[in-house]
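See below for entry00.cif, which holds mmCIF, N, CA and C atoms.
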data_my_file
#
loop_
_atom_site.label_atom_id
_atom_site.label_comp_id
_atom_site.auth_asym_id
_atom_site.auth_seq_id
_atom_site.Cartn_x
_atom_site.Cartn_y
_atom_site.Cartn_z
N MET N 1 -54.05 -61.96 17.55
CA MET N 1 -55.03 -61.84 18.61
C MET N 1 -54.64 -62.70 19.80
N GLY N 2 -54.09 -63.89 19.52
CA GLY N 2 -53.65 -64.76 20.61
C GLY N 2 -52.52 -64.15 21.41
N ARG N 3 -51.68 -63.37 20.72
CA ARG N 3 -50.59 -62.70 21.41
C ARG N 3 -51.12 -61.67 22.40
N PHE N 4 -52.19 -60.96 22.01
CA PHE N 4 -52.79 -59.98 22.91
C PHE N 4 -53.36 -60.65 24.15
N PHE N 5 -54.04 -61.79 23.98
CA PHE N 5 -54.60 -62.48 25.14
C PHE N 5 -53.52 -63.04 26.04
N GLY N 6 -52.41 -63.48 25.46
CA GLY N 6 -51.28 -63.91 26.27
C GLY N 6 -50.69 -62.76 27.05
N ARG N 7 -50.59 -61.61 26.41
CA ARG N 7 -50.09 -60.40 27.09
C ARG N 7 -51.04 -59.98 28.20
N TRP N 8 -52.34 -60.06 27.93
CA TRP N 8 -53.33 -59.71 28.95
C TRP N 8 -53.22 -60.67 30.14
N PHE N 9 -53.03 -61.95 29.86
CA PHE N 9 -52.90 -62.93 30.95
C PHE N 9 -51.67 -62.64 31.81
N THR N 10 -50.54 -62.38 31.17
CA THR N 10 -49.33 -62.11 31.96
C THR N 10 -49.47 -60.82 32.75
N LEU N 11 -50.10 -59.82 32.16
CA LEU N 11 -50.33 -58.58 32.91
C LEU N 11 -51.30 -58.79 34.06
N THR N 12 -52.30 -59.64 33.89
CA THR N 12 -53.23 -59.92 34.97
C THR N 12 -52.52 -60.57 36.15
N VAL N 13 -51.65 -61.53 35.86
CA VAL N 13 -50.88 -62.16 36.94
C VAL N 13 -49.94 -61.14 37.58
N ALA N 14 -49.29 -60.31 36.76
CA ALA N 14 -48.37 -59.31 37.29
C ALA N 14 -49.09 -58.30 38.17
N VAL N 15 -50.28 -57.88 37.76
CA VAL N 15 -51.06 -56.94 38.57
C VAL N 15 -51.51 -57.61 39.87
N GLY N 16 -51.87 -58.89 39.81
CA GLY N 16 -52.23 -59.61 41.03
C GLY N 16 -51.08 -59.66 42.01
N VAL N 17 -49.89 -59.94 41.52
CA VAL N 17 -48.70 -59.95 42.40
C VAL N 17 -48.44 -58.55 42.95
N MET N 18 -48.58 -57.55 42.09
CA MET N 18 -48.35 -56.17 42.52
C MET N 18 -49.31 -55.76 43.63
N THR N 19 -50.60 -56.07 43.48
CA THR N 19 -51.57 -55.69 44.51
C THR N 19 -51.36 -56.49 45.79
N TRP N 20 -50.84 -57.71 45.66
CA TRP N 20 -50.58 -58.53 46.83
C TRP N 20 -49.38 -57.99 47.61
N LEU N 21 -48.37 -57.48 46.91
CA LEU N 21 -47.15 -57.02 47.56
C LEU N 21 -47.23 -55.58 48.07
N LEU N 22 -47.96 -54.73 47.38
CA LEU N 22 -47.95 -53.30 47.71
C LEU N 22 -49.26 -52.87 48.37
N PRO N 23 -49.19 -52.36 49.59
CA PRO N 23 -50.42 -51.89 50.25
C PRO N 23 -50.98 -50.62 49.64
N GLY N 24 -50.22 -49.90 48.83
CA GLY N 24 -50.70 -48.69 48.19
C GLY N 24 -51.51 -48.95 46.93
N MET N 25 -51.60 -50.20 46.52
CA MET N 25 -52.41 -50.59 45.37
C MET N 25 -53.65 -51.29 45.90
N ILE N 26 -54.77 -50.61 45.83
CA ILE N 26 -56.00 -51.09 46.45
C ILE N 26 -56.97 -51.55 45.36
N VAL N 27 -57.45 -52.77 45.51
CA VAL N 27 -58.40 -53.34 44.55
C VAL N 27 -59.78 -52.76 44.85
N GLN N 28 -60.41 -52.20 43.81
CA GLN N 28 -61.75 -51.63 43.96
C GLN N 28 -62.73 -52.44 43.13
N GLY N 29 -63.84 -52.75 43.70
CA GLY N 29 -64.86 -53.52 42.99
C GLY N 29 -65.30 -54.69 43.84
N SER N 30 -66.38 -55.32 43.43
CA SER N 30 -66.95 -56.40 44.23
C SER N 30 -66.17 -57.70 44.07
N ASN N 31 -65.54 -57.93 42.93
CA ASN N 31 -64.80 -59.15 42.67
C ASN N 31 -63.34 -58.79 42.42
N THR N 32 -62.44 -59.34 43.22
CA THR N 32 -61.02 -59.01 43.12
C THR N 32 -60.45 -59.40 41.77
N PHE N 33 -60.75 -60.61 41.29
CA PHE N 33 -60.19 -61.06 40.02
C PHE N 33 -60.68 -60.20 38.86
N ILE N 34 -61.96 -59.86 38.84
CA ILE N 34 -62.51 -59.03 37.78
C ILE N 34 -61.86 -57.65 37.80
N SER N 35 -61.67 -57.09 38.99
CA SER N 35 -61.04 -55.78 39.10
C SER N 35 -59.62 -55.79 38.57
N ILE N 36 -58.87 -56.84 38.92
CA ILE N 36 -57.49 -56.96 38.45
C ILE N 36 -57.48 -57.18 36.93
N ALA N 37 -58.38 -58.00 36.42
CA ALA N 37 -58.43 -58.26 34.98
C ALA N 37 -58.83 -57.01 34.20
N CYS N 38 -59.73 -56.20 34.75
CA CYS N 38 -60.12 -54.95 34.07
C CYS N 38 -58.95 -53.99 33.97
N PHE N 39 -58.23 -53.83 35.07
CA PHE N 39 -57.05 -52.95 35.06
C PHE N 39 -56.01 -53.48 34.07
N ALA N 40 -55.77 -54.79 34.09
CA ALA N 40 -54.78 -55.39 33.19
C ALA N 40 -55.22 -55.26 31.73
N LEU N 41 -56.52 -55.33 31.47
CA LEU N 41 -57.02 -55.16 30.11
C LEU N 41 -56.66 -53.78 29.57
N PHE N 42 -56.90 -52.76 30.37
CA PHE N 42 -56.58 -51.41 29.91
C PHE N 42 -55.07 -51.19 29.83
N MET N 43 -54.30 -51.81 30.71
CA MET N 43 -52.84 -51.72 30.59
C MET N 43 -52.39 -52.37 29.28
N ALA N 44 -52.95 -53.52 28.94
CA ALA N 44 -52.58 -54.20 27.70
C ALA N 44 -52.98 -53.38 26.48
N LEU N 45 -54.18 -52.78 26.52
CA LEU N 45 -54.62 -51.94 25.39
C LEU N 45 -53.73 -50.70 25.23
N ILE N 46 -53.38 -50.09 26.34
CA ILE N 46 -52.51 -48.91 26.28
C ILE N 46 -51.12 -49.30 25.78
N ASN N 47 -50.59 -50.41 26.31
CA ASN N 47 -49.26 -50.86 25.89
C ASN N 47 -49.22 -51.23 24.41
N ALA N 48 -50.33 -51.71 23.87
CA ALA N 48 -50.37 -52.12 22.47
C ALA N 48 -50.62 -50.96 21.51
N SER N 49 -51.27 -49.91 21.98
CA SER N 49 -51.67 -48.86 21.04
C SER N 49 -50.98 -47.52 21.27
N VAL N 50 -51.13 -46.96 22.43
CA VAL N 50 -50.69 -45.60 22.69
C VAL N 50 -49.22 -45.52 23.11
N LYS N 51 -48.80 -46.44 23.93
CA LYS N 51 -47.47 -46.36 24.53
C LYS N 51 -46.32 -46.31 23.52
N PRO N 52 -46.30 -47.13 22.47
CA PRO N 52 -45.17 -47.05 21.54
C PRO N 52 -45.04 -45.68 20.86
N VAL N 53 -46.15 -45.08 20.51
CA VAL N 53 -46.12 -43.78 19.84
C VAL N 53 -45.63 -42.69 20.81
N VAL N 54 -46.15 -42.70 22.02
CA VAL N 54 -45.75 -41.69 23.00
C VAL N 54 -44.29 -41.86 23.38
N GLN N 55 -43.83 -43.09 23.53
CA GLN N 55 -42.42 -43.31 23.86
C GLN N 55 -41.51 -42.84 22.73
N LEU N 56 -41.92 -43.04 21.50
CA LEU N 56 -41.12 -42.57 20.38
C LEU N 56 -41.05 -41.04 20.35
N LEU N 57 -42.18 -40.40 20.61
CA LEU N 57 -42.20 -38.94 20.64
C LEU N 57 -41.39 -38.38 21.81
N ALA N 58 -41.37 -39.10 22.92
CA ALA N 58 -40.67 -38.64 24.11
C ALA N 58 -39.22 -39.12 24.18
N LEU N 59 -38.75 -39.79 23.14
CA LEU N 59 -37.40 -40.35 23.15
C LEU N 59 -36.31 -39.30 23.41
N PRO N 60 -36.34 -38.14 22.76
CA PRO N 60 -35.30 -37.15 23.07
C PRO N 60 -35.30 -36.71 24.54
N LEU N 61 -36.50 -36.51 25.09
CA LEU N 61 -36.60 -36.13 26.49
C LEU N 61 -36.14 -37.27 27.41
N THR N 62 -36.43 -38.50 27.02
CA THR N 62 -35.99 -39.65 27.81
C THR N 62 -34.47 -39.75 27.82
N ILE N 63 -33.84 -39.50 26.68
CA ILE N 63 -32.38 -39.54 26.61
C ILE N 63 -31.78 -38.41 27.44
N LEU N 64 -32.34 -37.23 27.34
CA LEU N 64 -31.81 -36.10 28.11
C LEU N 64 -31.99 -36.26 29.62
N SER N 65 -33.05 -36.96 30.02
CA SER N 65 -33.32 -37.11 31.45
C SER N 65 -32.82 -38.45 32.00
N PHE N 66 -32.03 -39.17 31.20
CA PHE N 66 -31.46 -40.47 31.61
C PHE N 66 -32.54 -41.46 32.03
N GLY N 67 -33.66 -41.48 31.32
CA GLY N 67 -34.72 -42.45 31.55
C GLY N 67 -35.82 -42.00 32.48
N LEU N 68 -35.68 -40.85 33.09
CA LEU N 68 -36.71 -40.37 34.02
C LEU N 68 -38.04 -40.13 33.30
N ALA N 69 -37.98 -39.67 32.08
CA ALA N 69 -39.22 -39.43 31.32
C ALA N 69 -39.96 -40.74 31.06
N ALA N 70 -39.22 -41.82 30.80
CA ALA N 70 -39.86 -43.13 30.60
C ALA N 70 -40.56 -43.60 31.87
N LEU N 71 -39.93 -43.36 33.01
CA LEU N 71 -40.54 -43.72 34.29
C LEU N 71 -41.83 -42.94 34.51
N ILE N 72 -41.80 -41.66 34.23
CA ILE N 72 -42.99 -40.83 34.41
C ILE N 72 -44.09 -41.24 33.44
N LEU N 73 -43.72 -41.62 32.21
CA LEU N 73 -44.72 -42.11 31.25
C LEU N 73 -45.37 -43.39 31.75
N ASN N 74 -44.59 -44.31 32.30
CA ASN N 74 -45.16 -45.55 32.84
C ASN N 74 -46.13 -45.26 33.97
N VAL N 75 -45.78 -44.33 34.84
CA VAL N 75 -46.68 -43.96 35.94
C VAL N 75 -47.96 -43.35 35.39
N MET N 76 -47.83 -42.49 34.38
CA MET N 76 -49.02 -41.87 33.80
C MET N 76 -49.92 -42.90 33.12
N PHE N 77 -49.32 -43.90 32.45
CA PHE N 77 -50.12 -44.94 31.81
C PHE N 77 -50.82 -45.81 32.85
N MET N 78 -50.16 -46.06 33.98
CA MET N 78 -50.83 -46.83 35.04
C MET N 78 -52.00 -46.04 35.61
N GLN N 79 -51.81 -44.74 35.81
CA GLN N 79 -52.91 -43.90 36.31
C GLN N 79 -54.05 -43.86 35.31
N LEU N 80 -53.72 -43.78 34.02
CA LEU N 80 -54.75 -43.78 32.98
C LEU N 80 -55.52 -45.10 32.96
N ALA N 81 -54.82 -46.21 33.07
CA ALA N 81 -55.48 -47.52 33.10
C ALA N 81 -56.37 -47.65 34.33
N SER N 82 -55.91 -47.13 35.45
CA SER N 82 -56.71 -47.15 36.68
C SER N 82 -58.00 -46.35 36.49
N TRP N 83 -57.86 -45.16 35.95
CA TRP N 83 -59.03 -44.30 35.74
C TRP N 83 -60.00 -44.92 34.73
N LEU N 84 -59.47 -45.45 33.63
CA LEU N 84 -60.33 -46.05 32.61
C LEU N 84 -61.07 -47.27 33.13
N SER N 85 -60.37 -48.14 33.84
CA SER N 85 -61.02 -49.36 34.32
C SER N 85 -62.12 -49.04 35.31
N TYR N 86 -61.87 -48.05 36.17
CA TYR N 86 -62.93 -47.72 37.13
C TYR N 86 -64.07 -46.96 36.46
N SER N 87 -63.76 -46.12 35.49
CA SER N 87 -64.80 -45.36 34.79
C SER N 87 -65.69 -46.26 33.94
N VAL N 88 -65.11 -47.24 33.28
CA VAL N 88 -65.87 -48.08 32.37
C VAL N 88 -66.57 -49.22 33.11
N PHE N 89 -65.82 -49.94 33.95
CA PHE N 89 -66.35 -51.15 34.58
C PHE N 89 -66.67 -51.00 36.07
N HIS N 90 -66.38 -49.85 36.66
CA HIS N 90 -66.54 -49.63 38.10
C HIS N 90 -65.78 -50.69 38.90
N ALA N 91 -64.65 -51.08 38.37
CA ALA N 91 -63.76 -52.04 39.02
C ALA N 91 -62.36 -51.75 38.53
N GLY N 92 -61.39 -51.92 39.39
CA GLY N 92 -60.02 -51.67 38.98
C GLY N 92 -59.09 -51.57 40.17
N ILE N 93 -58.00 -50.88 39.97
CA ILE N 93 -56.98 -50.72 41.00
C ILE N 93 -56.85 -49.24 41.32
N TYR N 94 -56.91 -48.91 42.60
CA TYR N 94 -56.65 -47.54 43.05
C TYR N 94 -55.16 -47.44 43.37
N ILE N 95 -54.49 -46.47 42.77
CA ILE N 95 -53.06 -46.27 43.00
C ILE N 95 -52.91 -45.15 44.02
N GLY N 96 -52.25 -45.46 45.13
CA GLY N 96 -52.16 -44.55 46.26
C GLY N 96 -51.22 -43.38 46.09
N GLY N 97 -50.52 -43.27 45.01
CA GLY N 97 -49.62 -42.14 44.80
C GLY N 97 -48.54 -42.46 43.79
N PHE N 98 -47.69 -41.46 43.55
CA PHE N 98 -46.64 -41.59 42.54
C PHE N 98 -45.67 -42.72 42.86
N TRP N 99 -45.20 -42.79 44.08
CA TRP N 99 -44.20 -43.81 44.42
C TRP N 99 -44.78 -45.21 44.41
N TRP N 100 -46.05 -45.35 44.78
CA TRP N 100 -46.68 -46.68 44.67
C TRP N 100 -46.75 -47.10 43.21
N ALA N 101 -47.01 -46.14 42.33
CA ALA N 101 -47.04 -46.45 40.90
C ALA N 101 -45.65 -46.82 40.39
N VAL N 102 -44.62 -46.16 40.89
CA VAL N 102 -43.25 -46.49 40.50
C VAL N 102 -42.91 -47.91 40.93
N PHE N 103 -43.16 -48.22 42.20
CA PHE N 103 -42.88 -49.58 42.70
C PHE N 103 -43.73 -50.61 41.97
N GLY N 104 -44.99 -50.27 41.73
CA GLY N 104 -45.89 -51.18 41.02
C GLY N 104 -45.45 -51.45 39.60
N SER N 105 -44.99 -50.42 38.90
CA SER N 105 -44.54 -50.64 37.53
C SER N 105 -43.28 -51.50 37.50
N PHE N 106 -42.41 -51.34 38.50
CA PHE N 106 -41.22 -52.19 38.57
C PHE N 106 -41.60 -53.64 38.82
N ILE N 107 -42.51 -53.88 39.76
CA ILE N 107 -42.95 -55.25 40.05
C ILE N 107 -43.65 -55.85 38.84
N MET N 108 -44.50 -55.07 38.19
CA MET N 108 -45.18 -55.57 36.99
C MET N 108 -44.19 -55.93 35.90
N MET N 109 -43.15 -55.12 35.74
CA MET N 109 -42.16 -55.38 34.71
C MET N 109 -41.43 -56.69 34.99
N VAL N 110 -41.01 -56.90 36.23
CA VAL N 110 -40.26 -58.11 36.59
C VAL N 110 -41.12 -59.35 36.41
N VAL N 111 -42.33 -59.34 36.95
CA VAL N 111 -43.22 -60.51 36.85
C VAL N 111 -43.60 -60.77 35.40
N ASP N 112 -43.87 -59.71 34.65
CA ASP N 112 -44.24 -59.87 33.24
C ASP N 112 -43.10 -60.48 32.45
N GLU N 113 -41.87 -60.07 32.70
CA GLU N 113 -40.71 -60.64 31.99
C GLU N 113 -40.51 -62.11 32.35
N ILE N 114 -40.69 -62.45 33.62
CA ILE N 114 -40.52 -63.85 34.05
C ILE N 114 -41.59 -64.70 33.39
N LEU N 115 -42.85 -64.28 33.45
CA LEU N 115 -43.94 -65.05 32.82
C LEU N 115 -43.79 -65.11 31.31
N GLY N 116 -43.35 -64.01 30.70
CA GLY N 116 -43.14 -64.01 29.27
C GLY N 116 -42.06 -64.99 28.85
N ALA N 117 -40.99 -65.09 29.63
CA ALA N 117 -39.93 -66.04 29.34
C ALA N 117 -40.41 -67.48 29.50
N ILE N 118 -41.24 -67.71 30.49
CA ILE N 118 -41.79 -69.07 30.72
C ILE N 118 -42.73 -69.45 29.59
N MET N 119 -43.59 -68.52 29.17
CA MET N 119 -44.58 -68.82 28.15
C MET N 119 -43.96 -69.00 26.77
N ARG N 120 -42.82 -68.37 26.50
CA ARG N 120 -42.16 -68.52 25.20
C ARG N 120 -41.53 -69.89 25.04
N ASP N 121 -41.12 -70.52 26.13
CA ASP N 121 -40.46 -71.82 26.04
C ASP N 121 -41.40 -72.95 25.75
#

Represent the structure contained in this file as structure tokens.
Amino acid sequence: MGRFFGRWFTLTVAVGVMTWLLPGMIVQGSNTFISIACFALFMALINASVKPVVQLLALPLTILSFGLAALILNVMFMQLASWLSYSVFHAGIYIGGFWWAVFGSFIMMVVDEILGAIMRD
């Protein structure tokens, strides 16, 4: 359980950096931190439960497309987390389009890896 909260924390920081850097990622809701935390919560839940199974099922397509399928899956999971966070909590991140989601997932990946390396030490 502590590992999940650590993952949620790193994703919250990564989403905060992403929304700060990308104008296509718009924070929706009355409180910016709550909106970012709600989106990061659903990203963490998706990453822990659904994503490994879907990536395993899509592995042949990912290999055939040289990783393009994995990129599209990441974008779809970000869109799903955005929709879920706004539907459940009326707070979250609005993603302005496919390319904003691509750039956002790249930024989230880099920041999450840096924070994960720092927290492991």

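For N:Phe42, the residues within 5 Å (counting all atoms listed in the file, excluding itself and residues fewer than 4 positions away along the chain) are Cys38, Ile46 and Ala81 of chain N.
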
Extract the full set of helix (DSSP H, G or I) residues from chain N according to DSSP on the backbone, and format it as a PyMOL selection string. chain N and resi 2-21+32-57+59-64+68-89+98-120

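Omitting N:Ala37 and its sequence neighbours fewer than 6 positions away, and counting all atoms listed in the file, the residues within 8 Å are Trp8, Leu11, Thr12, Val13, Val15, Gly16, Asn31, Met43, Ser85, Ala91, Gly92 and Ile93 of chain N.
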
Written as number ranges by chain, which residues does the PyMOL selection byres ((chain N and resi 24) around 8) give for the file shown? N: 18-19, 21-23, 25-27, 93-97, 99-101

Can you work out the spacing between atom CA of N:Val111 and atom CA of N:Ala14 in Å, to one decimal? 5.3 Å

For stretch 15-22 of chain N, what centre and edge lengths in Å (one decimal) does the axis-aligned box get once 8 Å is added on each side of all its listed atoms, as lines of an AutoDock Vina configuration file?
center_x = -49.7
center_y = -56.4
center_z = 43.1
size_x = 21.1
size_y = 23.1
size_z = 26.6

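Scanning chain N with DSSP on the backbone, the strand (DSSP E) assignments fall on Met25, Ile26, Val27, Gln28, Gly92, Ile93, Tyr94 and Ile95 of chain N.
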
For N, CA and C atoms, I'd like the residues from the last selection saved as a short mmCIF file (atom, residue, chain, number, x, y, z; two decimals), in the frame of the given file.
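And here's out.cif as it stands now:
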data_model
loop_
_atom_site.label_atom_id
_atom_site.label_comp_id
_atom_site.auth_asym_id
_atom_site.auth_seq_id
_atom_site.Cartn_x
_atom_site.Cartn_y
_atom_site.Cartn_z
N MET N 25 -51.60 -50.20 46.52
CA MET N 25 -52.41 -50.59 45.37
C MET N 25 -53.65 -51.29 45.90
N ILE N 26 -54.77 -50.61 45.83
CA ILE N 26 -56.00 -51.09 46.45
C ILE N 26 -56.97 -51.55 45.36
N VAL N 27 -57.45 -52.77 45.51
CA VAL N 27 -58.40 -53.34 44.55
C VAL N 27 -59.78 -52.76 44.85
N GLN N 28 -60.41 -52.20 43.81
CA GLN N 28 -61.75 -51.63 43.96
C GLN N 28 -62.73 -52.44 43.13
N GLY N 92 -61.39 -51.92 39.39
CA GLY N 92 -60.02 -51.67 38.98
C GLY N 92 -59.09 -51.57 40.17
N ILE N 93 -58.00 -50.88 39.97
CA ILE N 93 -56.98 -50.72 41.00
C ILE N 93 -56.85 -49.24 41.32
N TYR N 94 -56.91 -48.91 42.60
CA TYR N 94 -56.65 -47.54 43.05
C TYR N 94 -55.16 -47.44 43.37
N ILE N 95 -54.49 -46.47 42.77
CA ILE N 95 -53.06 -46.27 43.00
C ILE N 95 -52.91 -45.15 44.02
#

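For the pair atom N of N:Val53 and atom C of N:Ile72, the interatomic distance is 13.6 Å.
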
Around the point (-44.9, -42.1, 34.0), in the coordinates given by the file, pick out the residues reaching within 12 Å, counting only C-alpha atoms, and return them as a VMD selection string. chain N and resid 51 54 to 55 58 62 67 to 81 97 to 106

Separation of atom C of N:Phe5 and atom C of N:Leu45, in Å? 12.4 Å
